[in-house]
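Undergrad: mmCIF, C-alpha atoms, file data_22.cif:
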```
data_entry
#
loop_
_atom_site.group_PDB
_atom_site.id
_atom_site.type_symbol
_atom_site.label_atom_id
_atom_site.label_comp_id
_atom_site.auth_asym_id
_atom_site.auth_seq_id
_atom_site.Cartn_x
_atom_site.Cartn_y
_atom_site.Cartn_z
ATOM 1 C CA MET A 107 61.992 17.622 65.086
ATOM 2 C CA VAL A 108 58.980 18.757 67.069
ATOM 3 C CA ALA A 109 57.290 20.035 63.908
ATOM 4 C CA ALA A 110 57.456 16.586 62.345
ATOM 5 C CA ILE A 111 55.817 14.830 65.308
ATOM 6 C CA ARG A 112 53.401 17.574 66.447
ATOM 7 C CA PRO A 113 49.914 16.259 67.315
ATOM 8 C CA ASP A 114 47.165 17.426 64.931
ATOM 9 C CA ALA A 115 45.250 19.027 67.820
ATOM 10 C CA TRP A 116 47.992 21.633 68.167
ATOM 11 C CA ASN A 117 47.777 22.850 64.565
ATOM 12 C CA LEU A 118 44.872 25.299 64.839
ATOM 13 C CA PRO A 119 46.058 27.021 68.033
ATOM 14 C CA LEU A 120 49.570 27.139 66.557
ATOM 15 C CA LEU A 121 48.170 28.766 63.403
ATOM 16 C CA VAL A 122 46.386 31.405 65.514
ATOM 17 C CA HIS A 123 49.530 32.001 67.597
ATOM 18 C CA VAL A 124 51.904 32.269 64.628
ATOM 19 C CA SER A 125 49.475 34.386 62.585
ATOM 20 C CA GLY A 126 49.129 36.835 65.460
ATOM 21 C CA ALA A 127 52.901 36.936 65.969
ATOM 22 C CA MET A 128 53.508 37.571 62.263
ATOM 23 C CA LEU A 129 50.945 40.376 62.148
ATOM 24 C CA LEU A 130 52.411 41.843 65.341
ATOM 25 C CA VAL A 131 55.938 41.959 63.902
ATOM 26 C CA ALA A 132 54.650 43.183 60.524
ATOM 27 C CA ALA A 133 52.727 46.045 62.128
ATOM 28 C CA LEU A 134 55.776 47.019 64.197
ATOM 29 C CA VAL A 135 57.973 47.103 61.091
ATOM 30 C CA VAL A 136 55.460 49.354 59.323
ATOM 31 C CA VAL A 137 55.270 51.623 62.386
ATOM 32 C CA VAL A 138 59.072 51.964 62.407
ATOM 33 C CA ALA A 139 59.126 52.786 58.679
ATOM 34 C CA LEU A 140 56.328 55.356 59.011
ATOM 35 C CA MET A 141 57.676 57.086 62.106
ATOM 36 C CA ALA A 142 61.252 57.092 60.786
ATOM 37 C CA GLY A 143 59.884 58.678 57.610
ATOM 38 C CA ALA A 144 58.074 61.289 59.678
ATOM 39 C CA LEU A 145 61.297 62.103 61.528
ATOM 40 C CA ARG A 146 63.370 62.374 58.337
ATOM 41 C CA ARG A 147 61.369 64.901 56.381
ATOM 42 C CA GLY A 148 59.009 67.784 56.929
ATOM 43 C CA ASP A 149 56.493 67.181 54.154
ATOM 44 C CA GLY A 150 53.964 64.540 55.060
ATOM 45 C CA ALA A 151 55.232 64.218 58.636
ATOM 46 C CA THR A 152 51.734 64.778 60.032
ATOM 47 C CA VAL A 153 50.238 62.042 57.832
ATOM 48 C CA LEU A 154 53.083 59.619 58.568
ATOM 49 C CA THR A 155 52.878 60.188 62.332
ATOM 50 C CA GLY A 156 49.116 59.681 62.294
ATOM 51 C CA LEU A 157 49.495 56.456 60.320
ATOM 52 C CA ALA A 158 52.187 55.212 62.732
ATOM 53 C CA PHE A 159 49.828 55.822 65.660
ATOM 54 C CA ARG A 160 47.019 53.986 63.874
ATOM 55 C CA GLY A 161 49.439 51.146 63.078
ATOM 56 C CA LEU A 162 50.106 50.708 66.782
ATOM 57 C CA LEU A 163 46.461 51.069 67.787
ATOM 58 C CA VAL A 164 44.730 48.923 65.154
ATOM 59 C CA GLY A 165 47.704 46.780 64.096
ATOM 60 C CA VAL A 166 50.115 46.013 66.933
ATOM 61 C CA LEU A 167 47.715 45.826 69.885
ATOM 62 C CA PRO A 168 45.028 43.604 68.257
ATOM 63 C CA ALA A 169 47.751 41.348 66.778
ATOM 64 C CA TYR A 170 49.241 41.041 70.262
ATOM 65 C CA VAL A 171 45.873 39.815 71.589
ATOM 66 C CA VAL A 172 45.674 37.185 68.817
ATOM 67 C CA MET A 173 49.289 36.070 69.428
ATOM 68 C CA ARG A 174 48.823 35.870 73.207
ATOM 69 C CA GLY A 175 45.431 34.161 72.927
ATOM 70 C CA GLY A 176 46.923 31.579 70.568
ATOM 71 C CA ALA A 177 49.810 31.034 72.995
ATOM 72 C CA GLU A 178 47.429 30.338 75.883
ATOM 73 C CA TRP A 179 45.342 28.070 73.681
ATOM 74 C CA ILE A 180 48.276 25.929 72.589
ATOM 75 C CA ALA A 181 49.668 25.931 76.135
ATOM 76 C CA SER A 182 46.377 24.442 77.314
ATOM 77 C CA GLU A 183 46.661 21.650 74.709
ATOM 78 C CA GLY A 184 49.929 20.176 75.973
ATOM 79 C CA ALA A 185 51.755 19.542 79.254
ATOM 80 C CA TRP A 186 54.748 21.736 78.466
ATOM 81 C CA GLY A 187 56.131 22.351 81.933
ATOM 82 C CA GLU A 188 58.385 25.416 82.154
ATOM 83 C CA PRO A 189 61.262 24.986 79.704
ATOM 84 C CA ALA A 190 63.477 28.011 79.020
ATOM 85 C CA TRP A 191 61.975 28.706 75.587
ATOM 86 C CA ILE A 192 58.473 29.101 77.046
ATOM 87 C CA GLY A 193 59.880 31.366 79.752
ATOM 88 C CA ILE A 194 61.479 33.540 77.053
ATOM 89 C CA GLY A 195 58.136 33.667 75.246
ATOM 90 C CA TYR A 196 56.205 34.770 78.317
ATOM 91 C CA ALA A 197 58.857 37.332 79.283
ATOM 92 C CA THR A 198 58.938 39.012 75.873
ATOM 93 C CA ALA A 199 55.148 38.844 75.554
ATOM 94 C CA ASP A 200 54.488 40.454 78.940
ATOM 95 C CA GLY A 201 57.250 43.042 78.607
ATOM 96 C CA GLY A 202 56.285 43.607 74.980
ATOM 97 C CA LEU A 203 52.713 44.488 75.912
ATOM 98 C CA LEU A 204 53.914 47.171 78.318
ATOM 99 C CA LEU A 205 56.312 48.657 75.749
ATOM 100 C CA SER A 206 53.633 48.515 73.031
ATOM 101 C CA ILE A 207 51.165 50.426 75.207
ATOM 102 C CA ILE A 208 53.816 53.041 76.052
ATOM 103 C CA ALA A 209 54.709 53.382 72.347
ATOM 104 C CA THR A 210 51.025 53.793 71.449
ATOM 105 C CA VAL A 211 50.534 56.574 73.999
ATOM 106 C CA LEU A 212 53.719 58.321 72.816
ATOM 107 C CA ALA A 213 52.644 58.015 69.172
ATOM 108 C CA TRP A 214 49.228 59.458 70.050
ATOM 109 C CA ARG A 215 50.903 62.438 71.711
ATOM 110 C CA ALA A 216 53.292 62.795 68.753
ATOM 111 C CA ALA A 217 50.338 62.778 66.352
ATOM 112 C CA ARG A 218 48.732 65.606 68.324
ATOM 113 C CA ARG A 219 51.773 67.819 67.700
ATOM 114 C CA GLY A 220 50.581 68.242 64.117
ATOM 115 C CA ALA A 221 52.811 70.334 61.865
ATOM 116 C CA ASP A 222 55.557 70.529 64.511
ATOM 117 C CA GLY A 223 56.506 66.950 63.612
ATOM 118 C CA PRO A 224 56.845 63.982 65.959
ATOM 119 C CA GLY A 225 60.138 65.182 67.533
ATOM 120 C CA GLY A 226 61.496 63.324 70.545
ATOM 121 C CA LEU A 227 58.216 61.454 71.023
ATOM 122 C CA GLY A 228 58.566 60.004 67.537
ATOM 123 C CA ARG A 229 62.175 59.020 68.205
ATOM 124 C CA ALA A 230 61.063 57.259 71.394
ATOM 125 C CA VAL A 231 58.409 55.339 69.431
ATOM 126 C CA VAL A 232 61.036 54.207 66.917
ATOM 127 C CA VAL A 233 63.449 53.121 69.687
ATOM 128 C CA LEU A 234 60.735 51.208 71.571
ATOM 129 C CA SER A 235 59.542 49.514 68.389
ATOM 130 C CA VAL A 236 63.078 48.482 67.415
ATOM 131 C CA VAL A 237 63.660 47.112 70.934
ATOM 132 C CA LEU A 238 60.431 45.102 70.552
ATOM 133 C CA LEU A 239 61.515 43.788 67.147
ATOM 134 C CA VAL A 240 64.878 42.629 68.544
ATOM 135 C CA ALA A 241 63.110 40.967 71.479
ATOM 136 C CA TYR A 242 60.701 39.220 69.135
ATOM 137 C CA ALA A 243 63.588 38.017 66.948
ATOM 138 C CA VAL A 244 65.084 36.418 70.075
ATOM 139 C CA THR A 245 61.658 34.919 70.814
ATOM 140 C CA ILE A 246 61.421 33.461 67.308
ATOM 141 C CA TRP A 247 64.826 31.875 67.885
ATOM 142 C CA ALA A 248 63.610 30.467 71.229
ATOM 143 C CA MET A 249 60.385 29.119 69.703
ATOM 144 C CA THR A 250 62.217 27.404 66.832
ATOM 145 C CA ALA A 251 65.462 26.194 68.483
ATOM 146 C CA LYS A 252 63.668 25.464 71.783
ATOM 147 C CA PRO A 253 66.665 25.749 74.150
ATOM 148 C CA SER A 254 65.998 23.979 77.439
ATOM 149 C CA MET B 239 72.583 24.781 67.525
ATOM 150 C CA SER B 240 72.212 22.056 64.949
ATOM 151 C CA LEU B 241 71.929 22.726 61.208
ATOM 152 C CA TYR B 242 68.224 21.847 61.422
ATOM 153 C CA GLU B 243 67.655 24.437 64.173
ATOM 154 C CA TRP B 244 69.517 27.131 62.210
ATOM 155 C CA LEU B 245 67.573 26.364 59.039
ATOM 156 C CA LEU B 246 64.238 26.369 60.887
ATOM 157 C CA PHE B 247 65.009 29.610 62.756
ATOM 158 C CA LEU B 248 66.115 31.454 59.605
ATOM 159 C CA HIS B 249 63.221 29.978 57.568
ATOM 160 C CA VAL B 250 60.671 31.232 60.112
ATOM 161 C CA LEU B 251 62.474 34.590 60.427
ATOM 162 C CA ALA B 252 62.297 34.951 56.647
ATOM 163 C CA ALA B 253 58.573 34.175 56.764
ATOM 164 C CA PHE B 254 58.102 36.962 59.317
ATOM 165 C CA ALA B 255 60.016 39.339 57.009
ATOM 166 C CA MET B 256 57.840 38.297 54.063
ATOM 167 C CA VAL B 257 54.651 39.041 56.005
ATOM 168 C CA ALA B 258 56.097 42.383 57.137
ATOM 169 C CA GLY B 259 56.739 43.224 53.483
ATOM 170 C CA LEU B 260 53.172 42.217 52.666
ATOM 171 C CA ALA B 261 51.859 44.512 55.407
ATOM 172 C CA ALA B 262 53.955 47.367 54.028
ATOM 173 C CA TYR B 263 52.503 46.716 50.564
ATOM 174 C CA GLY B 264 49.073 46.793 52.206
ATOM 175 C CA VAL B 265 49.680 50.268 53.609
ATOM 176 C CA LEU B 266 50.806 51.473 50.182
ATOM 177 C CA VAL B 267 47.918 49.941 48.246
ATOM 178 C CA LEU B 268 45.025 50.299 50.692
ATOM 179 C CA GLY B 269 46.118 53.376 52.638
ATOM 180 C CA ARG B 270 46.768 56.887 51.525
ATOM 181 C CA ARG B 271 48.828 56.882 48.355
ATOM 182 C CA GLY B 272 50.754 60.053 49.055
ATOM 183 C CA ASP B 273 54.334 60.452 47.995
ATOM 184 C CA ALA B 274 55.546 60.712 51.611
ATOM 185 C CA VAL B 275 53.970 57.355 52.488
ATOM 186 C CA ARG B 276 55.423 55.749 49.359
ATOM 187 C CA ARG B 277 58.927 57.022 50.169
ATOM 188 C CA ALA B 278 58.679 55.952 53.820
ATOM 189 C CA VAL B 279 57.183 52.480 53.386
ATOM 190 C CA GLY B 280 58.147 51.562 49.806
ATOM 191 C CA PRO B 281 61.737 50.420 50.535
ATOM 192 C CA ALA B 282 60.513 48.274 53.437
ATOM 193 C CA ALA B 283 57.845 46.674 51.252
ATOM 194 C CA LEU B 284 60.277 45.833 48.453
ATOM 195 C CA GLY B 285 63.204 44.788 50.644
ATOM 196 C CA LEU B 286 61.342 42.680 53.174
ATOM 197 C CA TRP B 287 59.059 40.956 50.673
ATOM 198 C CA ASN B 288 61.913 40.109 48.301
ATOM 199 C CA ALA B 289 64.491 39.075 50.916
ATOM 200 C CA GLY B 290 61.904 37.265 53.036
ATOM 201 C CA GLY B 291 60.408 35.475 50.067
ATOM 202 C CA LEU B 292 63.794 34.329 48.786
ATOM 203 C CA GLY B 293 64.797 33.202 52.287
ATOM 204 C CA VAL B 294 61.563 31.269 52.765
ATOM 205 C CA LEU B 295 62.080 29.367 49.509
ATOM 206 C CA VAL B 296 65.805 28.625 49.776
ATOM 207 C CA LEU B 297 65.778 27.750 53.483
ATOM 208 C CA GLY B 298 62.547 25.774 53.072
ATOM 209 C CA ILE B 299 64.174 23.642 50.391
ATOM 210 C CA GLY B 300 67.200 23.294 52.677
ATOM 211 C CA LEU B 301 64.925 22.028 55.467
ATOM 212 C CA ALA B 302 63.221 19.550 53.148
ATOM 213 C CA LEU B 303 66.642 18.163 52.215
ATOM 214 C CA GLU B 304 67.915 18.134 55.814
ATOM 215 C CA VAL B 305 64.944 16.441 57.519
ATOM 216 C CA ASP B 306 64.645 12.721 56.780
ATOM 217 C CA ALA B 307 60.864 12.787 57.295
ATOM 218 C CA TYR B 308 60.394 15.318 54.465
ATOM 219 C CA ALA B 309 60.999 15.050 50.735
ATOM 220 C CA LEU B 310 60.847 17.779 48.088
ATOM 221 C CA TRP B 311 58.129 15.855 46.240
ATOM 222 C CA ASP B 312 55.806 15.623 49.284
ATOM 223 C CA GLY B 313 52.420 17.039 48.332
ATOM 224 C CA TRP B 314 52.402 19.761 50.976
ATOM 225 C CA ILE B 315 55.901 20.925 49.957
ATOM 226 C CA LEU B 316 54.982 21.004 46.259
ATOM 227 C CA ALA B 317 51.814 22.936 47.194
ATOM 228 C CA ALA B 318 53.955 25.405 49.151
ATOM 229 C CA ILE B 319 56.244 25.964 46.158
ATOM 230 C CA VAL B 320 53.232 26.572 43.885
ATOM 231 C CA LEU B 321 51.733 29.037 46.401
ATOM 232 C CA TRP B 322 55.117 30.775 46.653
ATOM 233 C CA LEU B 323 55.208 31.128 42.862
ATOM 234 C CA VAL B 324 51.659 32.544 42.818
ATOM 235 C CA ALA B 325 52.564 35.121 45.497
ATOM 236 C CA ALA B 326 55.783 36.029 43.690
ATOM 237 C CA ALA B 327 53.991 36.389 40.359
ATOM 238 C CA ALA B 328 51.495 38.814 41.900
ATOM 239 C CA ALA B 329 54.218 40.764 43.690
ATOM 240 C CA GLY B 330 56.288 41.281 40.535
ATOM 241 C CA PRO B 331 54.070 43.879 38.823
ATOM 242 C CA LEU B 332 53.297 45.559 42.144
ATOM 243 C CA GLY B 333 56.996 45.927 42.955
ATOM 244 C CA ARG B 334 57.819 47.220 39.486
ATOM 245 C CA GLY B 335 54.964 49.722 39.769
ATOM 246 C CA LEU B 336 56.225 50.843 43.162
ATOM 247 C CA ARG B 337 59.685 51.518 41.725
ATOM 248 C CA ALA B 338 58.233 53.364 38.732
ATOM 249 C CA GLY B 339 55.981 55.719 40.718
ATOM 250 C CA ALA B 340 52.731 56.076 42.577
ATOM 251 C CA THR B 341 50.460 55.999 39.527
ATOM 252 C CA ALA B 342 52.294 53.274 37.597
ATOM 253 C CA VAL B 343 49.778 50.577 38.631
ATOM 254 C CA ASP B 344 46.028 51.132 38.435
ATOM 255 C CA ALA B 345 44.478 51.209 41.932
ATOM 256 C CA GLY B 346 42.009 48.408 41.203
ATOM 257 C CA ARG B 347 44.710 46.156 39.745
ATOM 258 C CA ALA B 348 47.002 46.931 42.681
ATOM 259 C CA ARG B 349 44.282 45.829 45.136
ATOM 260 C CA LEU B 350 43.744 42.622 43.145
ATOM 261 C CA LEU B 351 47.479 41.824 43.130
ATOM 262 C CA LEU B 352 47.697 42.534 46.868
ATOM 263 C CA ALA B 353 44.729 40.227 47.518
ATOM 264 C CA VAL B 354 46.412 37.423 45.561
ATOM 265 C CA MET B 355 49.661 37.947 47.504
ATOM 266 C CA ALA B 356 47.800 37.941 50.843
ATOM 267 C CA LEU B 357 45.701 34.856 50.046
ATOM 268 C CA ALA B 358 48.691 32.903 48.718
ATOM 269 C CA THR B 359 50.772 33.850 51.770
ATOM 270 C CA ALA B 360 47.964 32.871 54.168
ATOM 271 C CA ALA B 361 47.506 29.563 52.340
ATOM 272 C CA LEU B 362 51.286 29.031 52.516
ATOM 273 C CA LEU B 363 51.220 29.506 56.296
ATOM 274 C CA ILE B 364 48.274 27.111 56.690
ATOM 275 C CA ASP B 365 50.067 24.551 54.491
ATOM 276 C CA MET B 366 53.266 24.865 56.529
ATOM 277 C CA ILE B 367 51.490 24.318 59.851
ATOM 278 C CA PHE B 368 48.960 21.637 58.910
ATOM 279 C CA LYS B 369 51.310 19.827 56.475
ATOM 280 C CA PRO B 370 48.468 17.940 54.765
ATOM 281 C CA GLY B 371 49.513 14.429 53.806
ATOM 282 C CA ALA B 372 52.730 14.503 55.858
#
```
Let me see the structure of the file written as structure tokens.
TA:
Amino acid sequence: MVAAIRPDAWNLPLLVHVSGAMLLVAALVVVVALMAGALRRGDGATVLTGLAFRGLLVGVLPAYVVMRGGAEWIASEGAWGEPAWIGIGYATADGGLLLSIIATVLAWRAARRGADGPGGLGRAVVVLSVVLLVAYAVTIWAMTAKPS
Amino acid sequence: MSLYEWLLFLHVLAAFAMVAGLAAYGVLVLGRRGDAVRRAVGPAALGLWNAGGLGVLVLGIGLALEVDAYALWDGWILAAIVLWLVAAAAAGPLGRGLRAGATAVDAGRARLLLAVMALATAALLIDMIFKPGA
């Protein structure tokens, strides 16, 4: 019942952290939908691939910064120690940043293919984004159930 | 995992889905309104917003009943239900317009409905975290 007894001082950093995490996941979902759409059909593939790249660049990466900044802020507010659920959070955040950067570079290269369609690069972006979404679902479980 | 932990996990997961649906609506309303974008993002917008929204409400009520410290008539919970209704009311016409076709909803009205959905959802999140009066 941590939510019920949470100190007021944690609320603002928690809001920043959760808002960033929600925007991060939302942007990833949109990227998957756009890139999958680009892979499925020829018409509009160039537009969809370009939008997926922009979703990663101006959606996923800035949201990651907000999520991570909020996490550091709230971590500085309390003496948490190193329970398993925080370890899961750090692991998925650090690994997630690397995968997000790789996906962004791949999407940029896919967007440069123009009328040829995203091809294998687009498929790789979808796979990486889905892997990130699964990892973040596990993180949401860890943050809410707080296994220690 | 206890029932409380399951309810909280699924409630938060549903909230993430709702925000993802909102973001997909944002791409449709504020981005390019081409048919390819509508076909690619439209199902995600409808499915995630509707499923997430329903999950947030049902599981939220379940949490309020499960946790002794909360009651359905607490001010912050009543405020959350009102905000949920506002967001749902704005999403209704937008969703129906999305199903009907790209030009079914006027662009200006679509932006207004999206703004209401976004503001109500943001206020819902703030209410859930700060729990005023709890």
Undergrad: Using all atoms listed in the file, select each residue of chain A with any atom at most 6 Å away from an atom of chain B, and give the selection as a PyMOL selection string.
TA: chain A and resi 117+128+132+136+139-140+143+150+247+250-251
Undergrad: Write a file of the selected residues as a tab-separated table (two decimals), in the frame of the given file, keeping C-alpha atoms.
TA:
```tsv
chain	number	residue	atom	x	y	z
A	117	ASN	CA	47.78	22.85	64.56
A	128	MET	CA	53.51	37.57	62.26
A	132	ALA	CA	54.65	43.18	60.52
A	136	VAL	CA	55.46	49.35	59.32
A	139	ALA	CA	59.13	52.79	58.68
A	140	LEU	CA	56.33	55.36	59.01
A	143	GLY	CA	59.88	58.68	57.61
A	150	GLY	CA	53.96	64.54	55.06
A	247	TRP	CA	64.83	31.88	67.89
A	250	THR	CA	62.22	27.40	66.83
A	251	ALA	CA	65.46	26.19	68.48
```
Undergrad: Identify all residues satisfying the PyMOL selection byres ((chain A and resi 228) around 9) in the given file; provide them as a ChimeraX atom specification.
TA: /A:141-142,144-145,155,212-213,216-217,223-227,229-233
Undergrad: Counting only C-alpha atoms, note down every residue that has an atom within 10 Å of the point (56.3, 32.4, 50.8) (file coordinates), as a PDB file with C-alpha atoms, keeping the file's coordinate frame.
TA:
```
ATOM      1  CA  HIS B 249      63.221  29.978  57.568  1.00  0.00           C
ATOM      2  CA  ALA B 252      62.297  34.951  56.647  1.00  0.00           C
ATOM      3  CA  ALA B 253      58.573  34.175  56.764  1.00  0.00           C
ATOM      4  CA  PHE B 254      58.102  36.962  59.317  1.00  0.00           C
ATOM      5  CA  MET B 256      57.840  38.297  54.063  1.00  0.00           C
ATOM      6  CA  VAL B 257      54.651  39.041  56.005  1.00  0.00           C
ATOM      7  CA  TRP B 287      59.059  40.956  50.673  1.00  0.00           C
ATOM      8  CA  ASN B 288      61.913  40.109  48.301  1.00  0.00           C
ATOM      9  CA  GLY B 290      61.904  37.265  53.036  1.00  0.00           C
ATOM     10  CA  GLY B 291      60.408  35.475  50.067  1.00  0.00           C
ATOM     11  CA  LEU B 292      63.794  34.329  48.786  1.00  0.00           C
ATOM     12  CA  GLY B 293      64.797  33.202  52.287  1.00  0.00           C
ATOM     13  CA  VAL B 294      61.563  31.269  52.765  1.00  0.00           C
ATOM     14  CA  LEU B 295      62.080  29.367  49.509  1.00  0.00           C
ATOM     15  CA  GLY B 298      62.547  25.774  53.072  1.00  0.00           C
ATOM     16  CA  ALA B 318      53.955  25.405  49.151  1.00  0.00           C
ATOM     17  CA  ILE B 319      56.244  25.964  46.158  1.00  0.00           C
ATOM     18  CA  VAL B 320      53.232  26.572  43.885  1.00  0.00           C
ATOM     19  CA  LEU B 321      51.733  29.037  46.401  1.00  0.00           C
ATOM     20  CA  TRP B 322      55.117  30.775  46.653  1.00  0.00           C
ATOM     21  CA  LEU B 323      55.208  31.128  42.862  1.00  0.00           C
ATOM     22  CA  VAL B 324      51.659  32.544  42.818  1.00  0.00           C
ATOM     23  CA  ALA B 325      52.564  35.121  45.497  1.00  0.00           C
ATOM     24  CA  ALA B 326      55.783  36.029  43.690  1.00  0.00           C
ATOM     25  CA  MET B 355      49.661  37.947  47.504  1.00  0.00           C
ATOM     26  CA  ALA B 358      48.691  32.903  48.718  1.00  0.00           C
ATOM     27  CA  THR B 359      50.772  33.850  51.770  1.00  0.00           C
ATOM     28  CA  ALA B 360      47.964  32.871  54.168  1.00  0.00           C
ATOM     29  CA  ALA B 361      47.506  29.563  52.340  1.00  0.00           C
ATOM     30  CA  LEU B 362      51.286  29.031  52.516  1.00  0.00           C
ATOM     31  CA  LEU B 363      51.220  29.506  56.296  1.00  0.00           C
ATOM     32  CA  MET B 366      53.266  24.865  56.529  1.00  0.00           C
TER      33      MET B 366
END
```
Undergrad: Hey, can you check how far atom CA of A:Asp222 sits from atom CA of B:Leu266?
TA: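 It comes out at 24.3 Å.
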Undergrad: Might you pull out every residue within 7 Å of stretch 238-245 of chain A, with all atoms listed in the file counted and same-chain residues fewer than 4 positions away left off, and present them as an NGL selection string?
TA: :A and (131 or 194-195 or 198 or 202 or 234 or 249)
Undergrad: Residues picked by the PyMOL selection byres ((chain B and resi 347-354) around 7) here, as a list in words?
TA: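 Selected by the PyMOL selection byres ((chain B and resi 347-354) around 7) in this file: Gly264, Val267, Ala325, Ala328, Ala329, Leu332, Val343, Asp344, Ala345, Gly346, Met355, Ala356, Leu357 and Ala358 of chain B.
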Undergrad: Pick out the closest residue to B:Trp311 from this set: B:Ile299, B:Ala327, B:Ala289, B:Leu241. Count only C-alpha atoms.
TA: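 Closest residue, counting only C-alpha atoms: B:Ile299.
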Undergrad: Could you tell me, as JSON, numbers by chain, exactly which residues end up selected when the PyMOL selection byres ((chain A and resi 207) around 12) is applied to this structure?
TA: {"A": [159, 162, 163, 166, 167, 168, 170, 200, 201, 202, 203, 204, 205, 206, 208, 209, 210, 211, 212, 213, 214, 231, 234, 235, 238]}
Undergrad: Looking at all atoms listed in the file, which of A:Ala177, A:Val236, A:Ala248, A:Leu120 is the one that sits closest to A:Val138?
TA: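 Of all the options, A:Val236 lies closest to A:Val138.
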Undergrad: Figure out the distance between atom CA of A:Ser182 and atom CA of A:Val122, please, to one decimal in Å.
TA: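 Separation between atom CA of A:Val122 and atom CA of A:Ser182: 13.7 Å.
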